[in-house]
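Coordinates from model10.txt are shown below (compact mmCIF, C-alpha atoms).
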# COMPACT_ATOMS: atom_id res chain seq x y z
CA MET H 1 -28.13 -9.04 -23.62
CA LYS H 2 -27.48 -11.84 -21.16
CA ILE H 3 -23.86 -12.95 -20.63
CA PRO H 4 -23.39 -16.74 -20.42
CA VAL H 5 -22.07 -17.99 -17.08
CA SER H 6 -19.04 -19.56 -18.78
CA VAL H 7 -18.00 -16.18 -20.24
CA TYR H 8 -18.49 -14.51 -16.84
CA LEU H 9 -16.32 -17.17 -15.12
CA LEU H 10 -13.65 -16.83 -17.79
CA LEU H 11 -13.55 -13.04 -17.32
CA LEU H 12 -13.49 -13.40 -13.53
CA GLY H 13 -10.58 -15.86 -13.78
CA ALA H 14 -8.68 -13.46 -16.05
CA PHE H 15 -9.26 -10.59 -13.60
CA LEU H 16 -8.03 -12.61 -10.67
CA ALA H 17 -4.97 -13.79 -12.58
CA VAL H 18 -4.03 -10.21 -13.40
CA GLY H 19 -5.28 -8.69 -10.13
CA CYS H 20 -3.27 -10.84 -7.74
CA SER H 21 -0.45 -13.28 -7.82
CA SER H 22 0.99 -15.72 -5.35
CA THR H 23 4.67 -15.44 -4.61
CA ILE H 24 7.11 -16.12 -1.83
CA ASP H 25 9.76 -13.50 -1.18
CA ASP H 26 11.54 -13.37 2.13
CA TYR H 27 12.19 -9.86 3.48
CA ASN H 28 14.37 -11.11 6.34
CA ASP H 29 17.53 -10.35 4.36
CA VAL H 30 16.82 -6.60 4.21
CA SER H 31 16.24 -3.76 6.61
CA TYR H 32 14.80 -0.37 5.73
CA SER H 33 15.13 2.59 8.11
CA LEU H 34 11.94 4.59 7.74
CA VAL H 35 9.89 7.15 9.67
CA ASP H 36 6.21 6.91 10.54
CA GLN H 37 3.52 9.60 10.49
CA ASN H 38 4.40 10.54 14.08
CA GLY H 39 8.08 11.10 13.28
CA ASP H 40 9.18 7.89 15.02
CA SER H 41 11.91 5.67 13.52
CA VAL H 42 10.70 2.36 12.13
CA GLN H 43 12.69 -0.62 10.87
CA PHE H 44 11.01 -2.68 8.17
CA PRO H 45 10.48 -5.59 8.45
CA ALA H 46 11.82 -6.06 12.00
CA ASP H 47 9.26 -3.81 13.71
CA PHE H 48 6.38 -5.70 12.08
CA LYS H 49 7.39 -9.30 12.79
CA GLY H 50 4.99 -11.47 14.71
CA ALA H 51 1.81 -10.29 12.96
CA PRO H 52 0.65 -10.26 9.34
CA VAL H 53 1.16 -7.05 7.34
CA VAL H 54 -1.13 -5.63 4.67
CA MET H 55 0.99 -3.03 2.86
CA GLY H 56 -0.04 -0.53 0.20
CA PHE H 57 2.00 2.02 -1.72
CA ILE H 58 0.74 5.58 -2.15
CA TYR H 59 1.58 9.25 -2.41
CA THR H 60 -0.56 11.91 -0.78
CA ASN H 61 -0.83 14.17 -3.86
CA CYS H 62 -2.28 11.38 -5.99
CA PRO H 63 -5.48 12.47 -7.73
CA ASP H 64 -7.03 9.01 -8.02
CA ILE H 65 -5.69 5.48 -7.41
CA CYS H 66 -3.98 6.05 -4.06
CA SER H 67 -7.21 7.02 -2.34
CA PHE H 68 -8.72 3.71 -3.51
CA ILE H 69 -5.72 1.76 -2.19
CA THR H 70 -5.98 3.58 1.15
CA ALA H 71 -9.75 3.03 1.33
CA ASN H 72 -9.30 -0.68 0.54
CA ILE H 73 -6.87 -1.10 3.42
CA HIS H 74 -9.29 0.71 5.76
CA LYS H 75 -12.16 -1.44 4.50
CA ILE H 76 -10.15 -4.64 5.17
CA TRP H 77 -9.75 -3.54 8.80
CA GLN H 78 -13.43 -2.65 9.15
CA GLU H 79 -14.74 -5.83 7.54
CA MET H 80 -12.49 -7.96 9.75
CA GLY H 81 -14.04 -6.42 12.86
CA ARG H 82 -11.24 -3.88 13.53
CA PRO H 83 -8.54 -6.33 14.64
CA GLU H 84 -5.48 -5.05 16.47
CA ASP H 85 -3.30 -8.11 15.75
CA ILE H 86 -2.39 -7.12 12.18
CA HIS H 87 -0.31 -4.30 10.74
CA LEU H 88 -1.93 -2.09 8.11
CA VAL H 89 0.87 -0.13 6.47
CA LEU H 90 0.97 2.47 3.71
CA VAL H 91 4.36 3.49 2.33
CA THR H 92 4.87 6.60 0.23
CA PHE H 93 7.05 6.55 -2.86
CA ASP H 94 7.17 10.37 -2.84
CA PRO H 95 9.32 11.12 0.23
CA GLU H 96 10.19 14.62 -1.03
CA ARG H 97 6.64 15.84 -0.38
CA ASP H 98 5.32 13.14 1.94
CA THR H 99 6.84 14.20 5.23
CA PRO H 100 5.61 12.65 8.47
CA GLU H 101 3.34 15.70 8.89
CA ALA H 102 1.84 15.26 5.40
CA LEU H 103 1.27 11.55 6.06
CA LYS H 104 -0.37 12.30 9.42
CA GLU H 105 -2.77 14.75 7.76
CA TYR H 106 -3.52 12.22 4.99
CA ALA H 107 -4.11 9.46 7.56
CA GLY H 108 -6.51 11.73 9.44
CA ALA H 109 -8.52 12.37 6.28
CA PHE H 110 -9.18 8.60 6.08
CA SER H 111 -9.75 8.14 9.86
CA MET H 112 -6.57 6.05 9.90
CA ASP H 113 -4.49 8.20 12.27
CA ARG H 114 -4.29 5.51 14.96
CA PRO H 115 -3.09 1.91 15.41
CA PRO H 116 -3.06 -0.51 13.69
CA PHE H 117 -2.40 1.89 10.79
CA THR H 118 1.14 3.02 10.03
CA PHE H 119 2.15 5.45 7.28
CA LEU H 120 5.84 5.38 6.33
CA THR H 121 8.32 7.64 4.57
CA GLY H 122 12.10 7.98 4.67
CA THR H 123 15.07 9.26 2.79
CA GLU H 124 14.85 9.16 -0.98
CA GLU H 125 17.56 6.47 -1.07
CA GLU H 126 15.86 4.25 1.51
CA VAL H 127 12.42 4.59 -0.07
CA GLU H 128 13.82 3.93 -3.55
CA ALA H 129 15.57 0.77 -2.32
CA MET H 130 12.32 -0.46 -0.79
CA MET H 131 10.35 0.33 -3.96
CA GLN H 132 12.90 -1.59 -6.04
CA ARG H 133 12.56 -4.63 -3.78
CA THR H 134 8.76 -4.55 -3.70
CA GLY H 135 8.44 -3.97 -7.45
CA VAL H 136 6.79 -0.55 -7.19
CA ARG H 137 7.64 1.62 -10.19
CA THR H 138 6.99 5.35 -10.55
CA GLN H 139 7.41 7.92 -13.30
CA VAL H 140 6.63 11.63 -13.36
CA SER H 141 3.61 12.01 -15.63
CA TYR H 142 2.85 15.71 -15.44
CA THR H 143 4.52 18.82 -14.06
CA MET H 144 3.41 22.41 -13.81
CA GLU H 145 4.27 25.54 -11.89
CA THR H 146 1.65 26.86 -9.46
CA ASP H 147 0.72 30.52 -9.08
CA ALA H 148 2.96 30.56 -5.98
CA GLY H 149 5.94 29.50 -8.12
CA GLU H 150 6.10 25.93 -6.73
CA GLU H 151 6.55 22.93 -8.98
CA LEU H 152 3.59 20.56 -8.91
CA TYR H 153 4.01 17.06 -10.31
CA PHE H 154 1.99 13.88 -10.56
CA LEU H 155 3.26 10.31 -10.78
CA ASN H 156 2.25 7.27 -12.76
CA HIS H 157 2.84 4.33 -10.46
CA THR H 158 2.34 0.68 -9.72
CA ASP H 159 -1.04 -0.11 -8.14
CA LYS H 160 -0.17 -2.61 -5.41
CA ILE H 161 -1.07 -4.10 -2.04
CA LEU H 162 1.13 -6.80 -0.50
CA LEU H 163 0.25 -9.45 2.07
CA ILE H 164 3.25 -10.34 4.24
CA ASP H 165 3.08 -13.08 6.86
CA ARG H 166 4.20 -12.85 10.51
CA ASP H 167 7.65 -14.14 9.48
CA SER H 168 8.21 -11.29 6.97
CA ARG H 169 7.57 -13.42 3.89
CA LEU H 170 5.60 -11.99 0.98
CA ILE H 171 2.58 -14.22 0.47
CA MET H 172 0.46 -12.34 -2.11
CA ASP H 173 0.76 -9.36 -4.42
CA TYR H 174 -2.56 -7.72 -5.41
CA GLY H 175 -3.81 -4.92 -7.63
CA GLY H 176 -4.22 -2.35 -4.86
CA SER H 177 -7.20 -0.37 -6.10
CA MET H 178 -9.01 -3.12 -7.96
CA THR H 179 -8.82 -6.21 -5.76
CA PRO H 180 -11.98 -6.61 -3.67
CA PRO H 181 -11.11 -6.43 0.05
CA ASP H 182 -12.86 -9.76 0.74
CA ILE H 183 -10.25 -11.58 -1.38
CA ILE H 184 -7.43 -10.07 0.69
CA ILE H 185 -9.34 -10.80 3.92
CA GLU H 186 -9.77 -14.46 2.94
CA ASP H 187 -6.03 -14.78 2.27
CA LEU H 188 -5.21 -12.93 5.50
CA GLN H 189 -7.44 -15.21 7.54
CA SER H 190 -5.80 -18.29 6.01
CA LEU H 191 -2.49 -17.23 7.59
For this file, write the structure as C-alpha cells.
Amino acid sequence: MKIPVSVYLLLLGAFLAVGCSSTIDDYNDVSYSLVDQNGDSVQFPADFKGAPVVMGFIYTNCPDICSFITANIHKIWQEMGRPEDIHLVLVTFDPERDTPEALKEYAGAFSMDRPPFTFLTGTEEEVEAMMQRTGVRTQVSYTMETDAGEELYFLNHTDKILLIDRDSRLIMDYGGSMTPPDIIIEDLQSL
C-alpha cells in the first residue's frame, strides 16, 4: 500500500511538533554545583558560557532510552566534524549510583571520555533542583534484590535533549532518543 505524500507530511509534522519544541528559558538566574566524570567541580551554567551546549539527561543503569540519547549526542559531534567549540553534556538524574567513576566508565563505553564531552552528577538535592528546572521527571518503575543482596531499580524518565545558546538561554527542547541528530545540528548551526 502506498501512503499519499499529504499523509506522510501530516505525520512528519505531528512528529516534529511532539518531538521538539521551541522555548526561551534563561538559566542565568540559577547556579548548580555539580561534579564531572573526573571528579572536578563544575558550575552550571557559568562554566559553559561562551559556547552552545547540547545537554541530555541519562542514568547509567538505563536498559534502553539513555543509550540512544547518549549515542545521539555523540552522533551530533561526529556529523558536525568533531567541533571543539561546543559543549556536549550529559547529566544523570540518578546521583546515588552515578558517581563520577560510574560516569567515567559509561563515557568510555561510548568513546566519549574526552572533551568536548562532559558527564555530570552531584548531590541528590542539587541534581533534583536541576531536574525540576529542566522539566526532567523520573519515577522508580521496577525494583528487585540481586543475589548479592543489593537493591536494583529502574527508572521511568523524561526523554530529553536541550539546546542552550552561548548566553545560557534554552533555545530548543527535543525528544532525546527520537529526534534525528540532523535536526539538532541544523538548529545548532543557526546559533
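We find atom CA of Ile58 of chain H and atom CA of Thr158 of chain H to be spaced 9.2 Å apart.
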Worksheet item: Counting only C-alpha atoms, which of H:Thr99, H:Ser168, H:Thr146, H:Asn156 gets nearest to Leu34 of chain H?
Response: H:Thr99
Practice prompt. Anything within 12 Å of (9.5, 5.8, 6.9): list those residues as an MDAnalysis selection string, counting only C-alpha atoms and sticking to the file's coordinates.
Written response: chainID H and resid 31:45 47 89:96 98:101 103 118:128 130
Worksheet item: Can you find the residues with an atom no farther than 10 Å from (-3.6, 2.2, -7.7), counting all atoms listed in the file, and report them as number ranges by chain?
Response: H: 56-58, 62, 64-70, 156-161, 175-178
Discussion item. Can you tell me which residues surround Glu84 of chain H at a distance of at most 9 Å, considering only C-alpha atoms, apart from same-chain residues fewer than 6 positions away, and format the answer as JSON, numbers by chain?
Written reply: {"H": [77, 115, 116]}
Can you pull out every residue within 12 Å of segment 149-152 of chain H, counting only C-alpha atoms, but drop anything in the same chain fewer than 5 positions away, and send it as a PDB file with C-alpha atoms, keeping the file's coordinate frame?
ATOM      1  CA  ASN H  61      -0.830  14.170  -3.860  1.00  0.00           C
ATOM      2  CA  CYS H  62      -2.280  11.380  -5.990  1.00  0.00           C
ATOM      3  CA  GLU H  96      10.190  14.620  -1.030  1.00  0.00           C
ATOM      4  CA  ARG H  97       6.640  15.840  -0.380  1.00  0.00           C
ATOM      5  CA  VAL H 140       6.630  11.630 -13.360  1.00  0.00           C
ATOM      6  CA  SER H 141       3.610  12.010 -15.630  1.00  0.00           C
ATOM      7  CA  TYR H 142       2.850  15.710 -15.440  1.00  0.00           C
ATOM      8  CA  THR H 143       4.520  18.820 -14.060  1.00  0.00           C
ATOM      9  CA  MET H 144       3.410  22.410 -13.810  1.00  0.00           C
TER      10      MET H 144
END
Worksheet entry | Nearest-residue call for Asp29 of chain H, choices H:Arg133, H:Leu188, H:Leu162, H:Asp113, using only C-alpha atoms | H:Arg133
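Note that atom CA of Val54 of chain H and atom CA of Ala129 of chain H are 19.2 Å apart.
For the atom pair formed by atom CA of Thr60 of chain H and atom CA of Arg114 of chain H, the distance is 17.4 Å, given to one decimal.
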Response to the item:
Restricting to all atoms listed in the file, whichever of H:Ile185, H:Ala71, H:Pro63, H:Arg82 is closest to Phe110 of chain H is H:Ala71
Write out as a short mmCIF file (atom, residue, chain, number, x, y, z; two decimals) with C-alpha atoms, in the coordinates of the input each polymer residue whose atoms come within 9 Å of Leu163 of chain H, counting only C-alpha atoms; drop sequence neighbours fewer than 2 positions from it.
data_model
loop_
_atom_site.label_atom_id
_atom_site.label_comp_id
_atom_site.auth_asym_id
_atom_site.auth_seq_id
_atom_site.Cartn_x
_atom_site.Cartn_y
_atom_site.Cartn_z
CA PRO H 52 0.65 -10.26 9.34
CA VAL H 53 1.16 -7.05 7.34
CA VAL H 54 -1.13 -5.63 4.67
CA MET H 55 0.99 -3.03 2.86
CA ILE H 161 -1.07 -4.10 -2.04
CA ASP H 165 3.08 -13.08 6.86
CA ARG H 169 7.57 -13.42 3.89
CA LEU H 170 5.60 -11.99 0.98
CA ILE H 171 2.58 -14.22 0.47
CA MET H 172 0.46 -12.34 -2.11
CA ASP H 173 0.76 -9.36 -4.42
CA TYR H 174 -2.56 -7.72 -5.41
CA ILE H 184 -7.43 -10.07 0.69
CA ASP H 187 -6.03 -14.78 2.27
CA LEU H 188 -5.21 -12.93 5.50
#
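With distances restricted to all atoms listed in the file, H:Asn28 is the closest residue to Ile164 of chain H from H:Thr179, H:Ser111, H:Thr138, H:Asn28.
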Discussion item. I'd like the contact shell of Glu186 of chain H - 12 Å cut-off, all atoms listed in the file, skipping same-chain residues fewer than 2 positions apart - returned as a list of chain:residue names.
Written reply: H:Ile76, H:Glu79, H:Met80, H:Leu163, H:Met172, H:Pro180, H:Pro181, H:Asp182, H:Ile183, H:Ile184, H:Leu188, H:Gln189, H:Ser190, H:Leu191
